[in-house]
Amino acid sequence: MMLSSLHSISKKGFIASSILGALLILVSTIYGKNECFLWANGNGGKMADFFFKYITHLGDGAIFIPLFIWILWKHKSFWRLIILTAVFSTIITQGAKLFLFNGAPRPTKAITDAFIHQVAGVEVHQINSFPSGHTATAFAAYLLILIIHPSKYWLVFGFILTSLIAYSRVYLAQHFPIDLGAGIFAAVISVALSYSILYQKKSPTK
């Protein structure tokens, strides 16, 4: 198994992430992606608007830069893991957006007969909705940190933080919940594949 050498805490992170991704896709498939979006997208008030407007940036691709610097500083042996993960994550998410699901409408374009909460100052995109790149980046970073520095604290706190980053994409009317689920699986696949290629004969967490 490609992740057999991982620390048990790291494995739990992969399992929790996969379960969340599967639930988002399953519920969206059963109840409809538009309906799930409208249920999850709501006006939480000025504090929520401010919080999600800025926490969403933790899912920007640029987050790999400080993560890479941290790895070079503290865990040099893992520098290849983050680079390979970033490459796979980009190929999977952008490949899906531009080729498999090119032009897929985002919520504000797909839903025209219901109120959609939008946050002032946030540019809402119209197409290439599936999957969520921000979600993929956030969960990839979460899993990478969990591999490099497995801890119960990061397993729980990191999962909550990363889930909030993912949810921000729905709150800001940028994505459907099903897009988040696909983004999570893009992250799981990217990190798992990178780890397998680089360390399948090793156990770097020991």
# chains A, B, ... in the order shown; residues from 1 in each chain; ligands from 1

$ closest_atom_pairs --of "region 18-126 of chain A" --to "region 175-191 of chain A" --cutoff "7 Å" --atoms "only C-alpha atoms" --output "tab-separated table"
residue	atom	partner	partner_atom	distance
A:Ser18	CA	A:Phe185	CA	6.6
A:Gly21	CA	A:Gly181	CA	4.0
A:Ala22	CA	A:Gly181	CA	6.4
A:Leu24	CA	A:Gly181	CA	5.2
A:Ile25	CA	A:Ile178	CA	4.9
A:Ser28	CA	A:Ile178	CA	5.8
A:Lys33	CA	A:Phe176	CA	6.4
A:Cys36	CA	A:Pro177	CA	6.8
A:Phe37	CA	A:Phe176	CA	5.4
A:Thr85	CA	A:Ser190	CA	5.3
A:Phe88	CA	A:Ser190	CA	5.2
A:Ser89	CA	A:Ser190	CA	5.4
A:Ile92	CA	A:Ala186	CA	6.4
A:Thr93	CA	A:Ala186	CA	6.8
A:Arg106	CA	A:His175	CA	6.0
A:Pro107	CA	A:His175	CA	6.3

$ select_by_dssp --residues "region 62-160 of chain A" --states "helix (DSSP H, G or I)" --output "PyMOL selection string"
chain A and resi 62-74+76-100+107-110+133-148+152-160

$ write_last_selection --atoms "C-alpha atoms" --output "PDB file, in the first residue's frame"
ATOM      1  CA  ALA A  62       1.447  30.908  -3.215  1.00  0.00           C
ATOM      2  CA  ILE A  63       1.046  29.171   0.165  1.00  0.00           C
ATOM      3  CA  PHE A  64       3.476  26.535  -1.120  1.00  0.00           C
ATOM      4  CA  ILE A  65       6.264  29.148  -1.009  1.00  0.00           C
ATOM      5  CA  PRO A  66       6.384  29.709   2.791  1.00  0.00           C
ATOM      6  CA  LEU A  67       5.762  25.992   3.253  1.00  0.00           C
ATOM      7  CA  PHE A  68       8.768  25.220   1.063  1.00  0.00           C
ATOM      8  CA  ILE A  69      10.919  27.718   2.992  1.00  0.00           C
ATOM      9  CA  TRP A  70       9.868  26.100   6.279  1.00  0.00           C
ATOM     10  CA  ILE A  71      10.769  22.676   4.932  1.00  0.00           C
ATOM     11  CA  LEU A  72      14.196  23.857   3.745  1.00  0.00           C
ATOM     12  CA  TRP A  73      14.795  25.384   7.175  1.00  0.00           C
ATOM     13  CA  LYS A  74      13.542  22.566   9.384  1.00  0.00           C
ATOM     14  CA  LYS A  76      15.373  19.523   4.287  1.00  0.00           C
ATOM     15  CA  SER A  77      14.876  15.866   3.397  1.00  0.00           C
ATOM     16  CA  PHE A  78      11.278  16.595   2.358  1.00  0.00           C
ATOM     17  CA  TRP A  79      11.915  19.395  -0.142  1.00  0.00           C
ATOM     18  CA  ARG A  80      11.197  17.148  -3.121  1.00  0.00           C
ATOM     19  CA  LEU A  81       7.866  16.087  -1.627  1.00  0.00           C
ATOM     20  CA  ILE A  82       6.379  19.577  -1.637  1.00  0.00           C
ATOM     21  CA  ILE A  83       7.606  20.338  -5.164  1.00  0.00           C
ATOM     22  CA  LEU A  84       6.209  17.119  -6.594  1.00  0.00           C
ATOM     23  CA  THR A  85       2.936  17.610  -4.737  1.00  0.00           C
ATOM     24  CA  ALA A  86       2.593  21.161  -6.087  1.00  0.00           C
ATOM     25  CA  VAL A  87       3.221  19.871  -9.619  1.00  0.00           C
ATOM     26  CA  PHE A  88       0.682  17.033  -9.373  1.00  0.00           C
ATOM     27  CA  SER A  89      -1.904  19.264  -7.687  1.00  0.00           C
ATOM     28  CA  THR A  90      -1.573  21.869 -10.421  1.00  0.00           C
ATOM     29  CA  ILE A  91      -1.789  19.290 -13.205  1.00  0.00           C
ATOM     30  CA  ILE A  92      -4.876  17.639 -11.721  1.00  0.00           C
ATOM     31  CA  THR A  93      -6.845  20.771 -10.842  1.00  0.00           C
ATOM     32  CA  GLN A  94      -5.920  22.919 -13.829  1.00  0.00           C
ATOM     33  CA  GLY A  95      -6.137  19.978 -16.204  1.00  0.00           C
ATOM     34  CA  ALA A  96      -9.676  19.268 -15.006  1.00  0.00           C
ATOM     35  CA  LYS A  97     -10.669  22.942 -15.165  1.00  0.00           C
ATOM     36  CA  LEU A  98      -9.249  23.605 -18.622  1.00  0.00           C
ATOM     37  CA  PHE A  99      -9.836  20.313 -20.416  1.00  0.00           C
ATOM     38  CA  LEU A 100     -12.290  17.939 -18.710  1.00  0.00           C
ATOM     39  CA  PRO A 107     -22.700  29.403  -8.731  1.00  0.00           C
ATOM     40  CA  THR A 108     -23.563  32.983  -9.733  1.00  0.00           C
ATOM     41  CA  LYS A 109     -23.746  31.956 -13.390  1.00  0.00           C
ATOM     42  CA  ALA A 110     -25.494  28.635 -12.862  1.00  0.00           C
ATOM     43  CA  GLY A 133      -8.058  24.755  -6.675  1.00  0.00           C
ATOM     44  CA  HIS A 134      -7.996  26.615  -3.363  1.00  0.00           C
ATOM     45  CA  THR A 135      -9.385  23.578  -1.588  1.00  0.00           C
ATOM     46  CA  ALA A 136      -6.837  21.305  -3.258  1.00  0.00           C
ATOM     47  CA  THR A 137      -3.970  23.582  -2.224  1.00  0.00           C
ATOM     48  CA  ALA A 138      -5.195  23.937   1.362  1.00  0.00           C
ATOM     49  CA  PHE A 139      -5.668  20.202   1.911  1.00  0.00           C
ATOM     50  CA  ALA A 140      -2.393  19.378   0.165  1.00  0.00           C
ATOM     51  CA  ALA A 141      -0.585  21.721   2.572  1.00  0.00           C
ATOM     52  CA  TYR A 142      -2.455  20.180   5.526  1.00  0.00           C
ATOM     53  CA  LEU A 143      -1.465  16.640   4.547  1.00  0.00           C
ATOM     54  CA  LEU A 144       2.122  17.604   3.790  1.00  0.00           C
ATOM     55  CA  ILE A 145       2.563  19.155   7.226  1.00  0.00           C
ATOM     56  CA  LEU A 146       0.937  16.099   8.781  1.00  0.00           C
ATOM     57  CA  ILE A 147       3.447  13.834   7.040  1.00  0.00           C
ATOM     58  CA  ILE A 148       6.455  15.955   7.932  1.00  0.00           C
ATOM     59  CA  LYS A 152      -2.539  15.088  17.207  1.00  0.00           C
ATOM     60  CA  TYR A 153      -2.844  18.861  17.546  1.00  0.00           C
ATOM     61  CA  TRP A 154      -2.308  19.496  13.829  1.00  0.00           C
ATOM     62  CA  LEU A 155      -4.452  16.497  12.927  1.00  0.00           C
ATOM     63  CA  VAL A 156      -7.457  18.172  14.570  1.00  0.00           C
ATOM     64  CA  PHE A 157      -6.702  21.914  14.413  1.00  0.00           C
ATOM     65  CA  GLY A 158      -5.270  21.684  10.904  1.00  0.00           C
ATOM     66  CA  PHE A 159      -8.317  19.765   9.682  1.00  0.00           C
ATOM     67  CA  ILE A 160     -10.682  22.374  11.115  1.00  0.00           C
TER      68      ILE A 160
END

$ closest_residue --among "A:Ile197, A:Lys11, A:Ser4, A:Leu38" --to "Thr112 (chain A)" --atoms "only C-alpha atoms"
A:Leu38

$ closest_residue --among "A:Ser163, A:Asn34, A:Ser194, A:Phe50" --to "Ala16 (chain A)" --atoms "only C-alpha atoms"
A:Ser163

$ atom_distance --atom1 "CA of Gln118 (chain A)" --atom2 "CA of Ile30 (chain A)"
25.6 Å

$ atom_distance --atom1 "CA of Glu35 (chain A)" --atom2 "CA of His117 (chain A)"
14.0 Å

$ closest_residue --among "A:Gly32, A:Gly59, A:Gly42, A:Pro150" --to "Thr162 (chain A)" --atoms "only C-alpha atoms"
A:Gly59

$ closest_residue --among "A:Gln126, A:Leu20, A:Ser168, A:Ala48" --to "Ile111 (chain A)" --atoms "only C-alpha atoms"
A:Gln126

$ atom_distance --atom1 "CA of Asn41 (chain A)" --atom2 "CA of Ala173 (chain A)"
7.0 Å
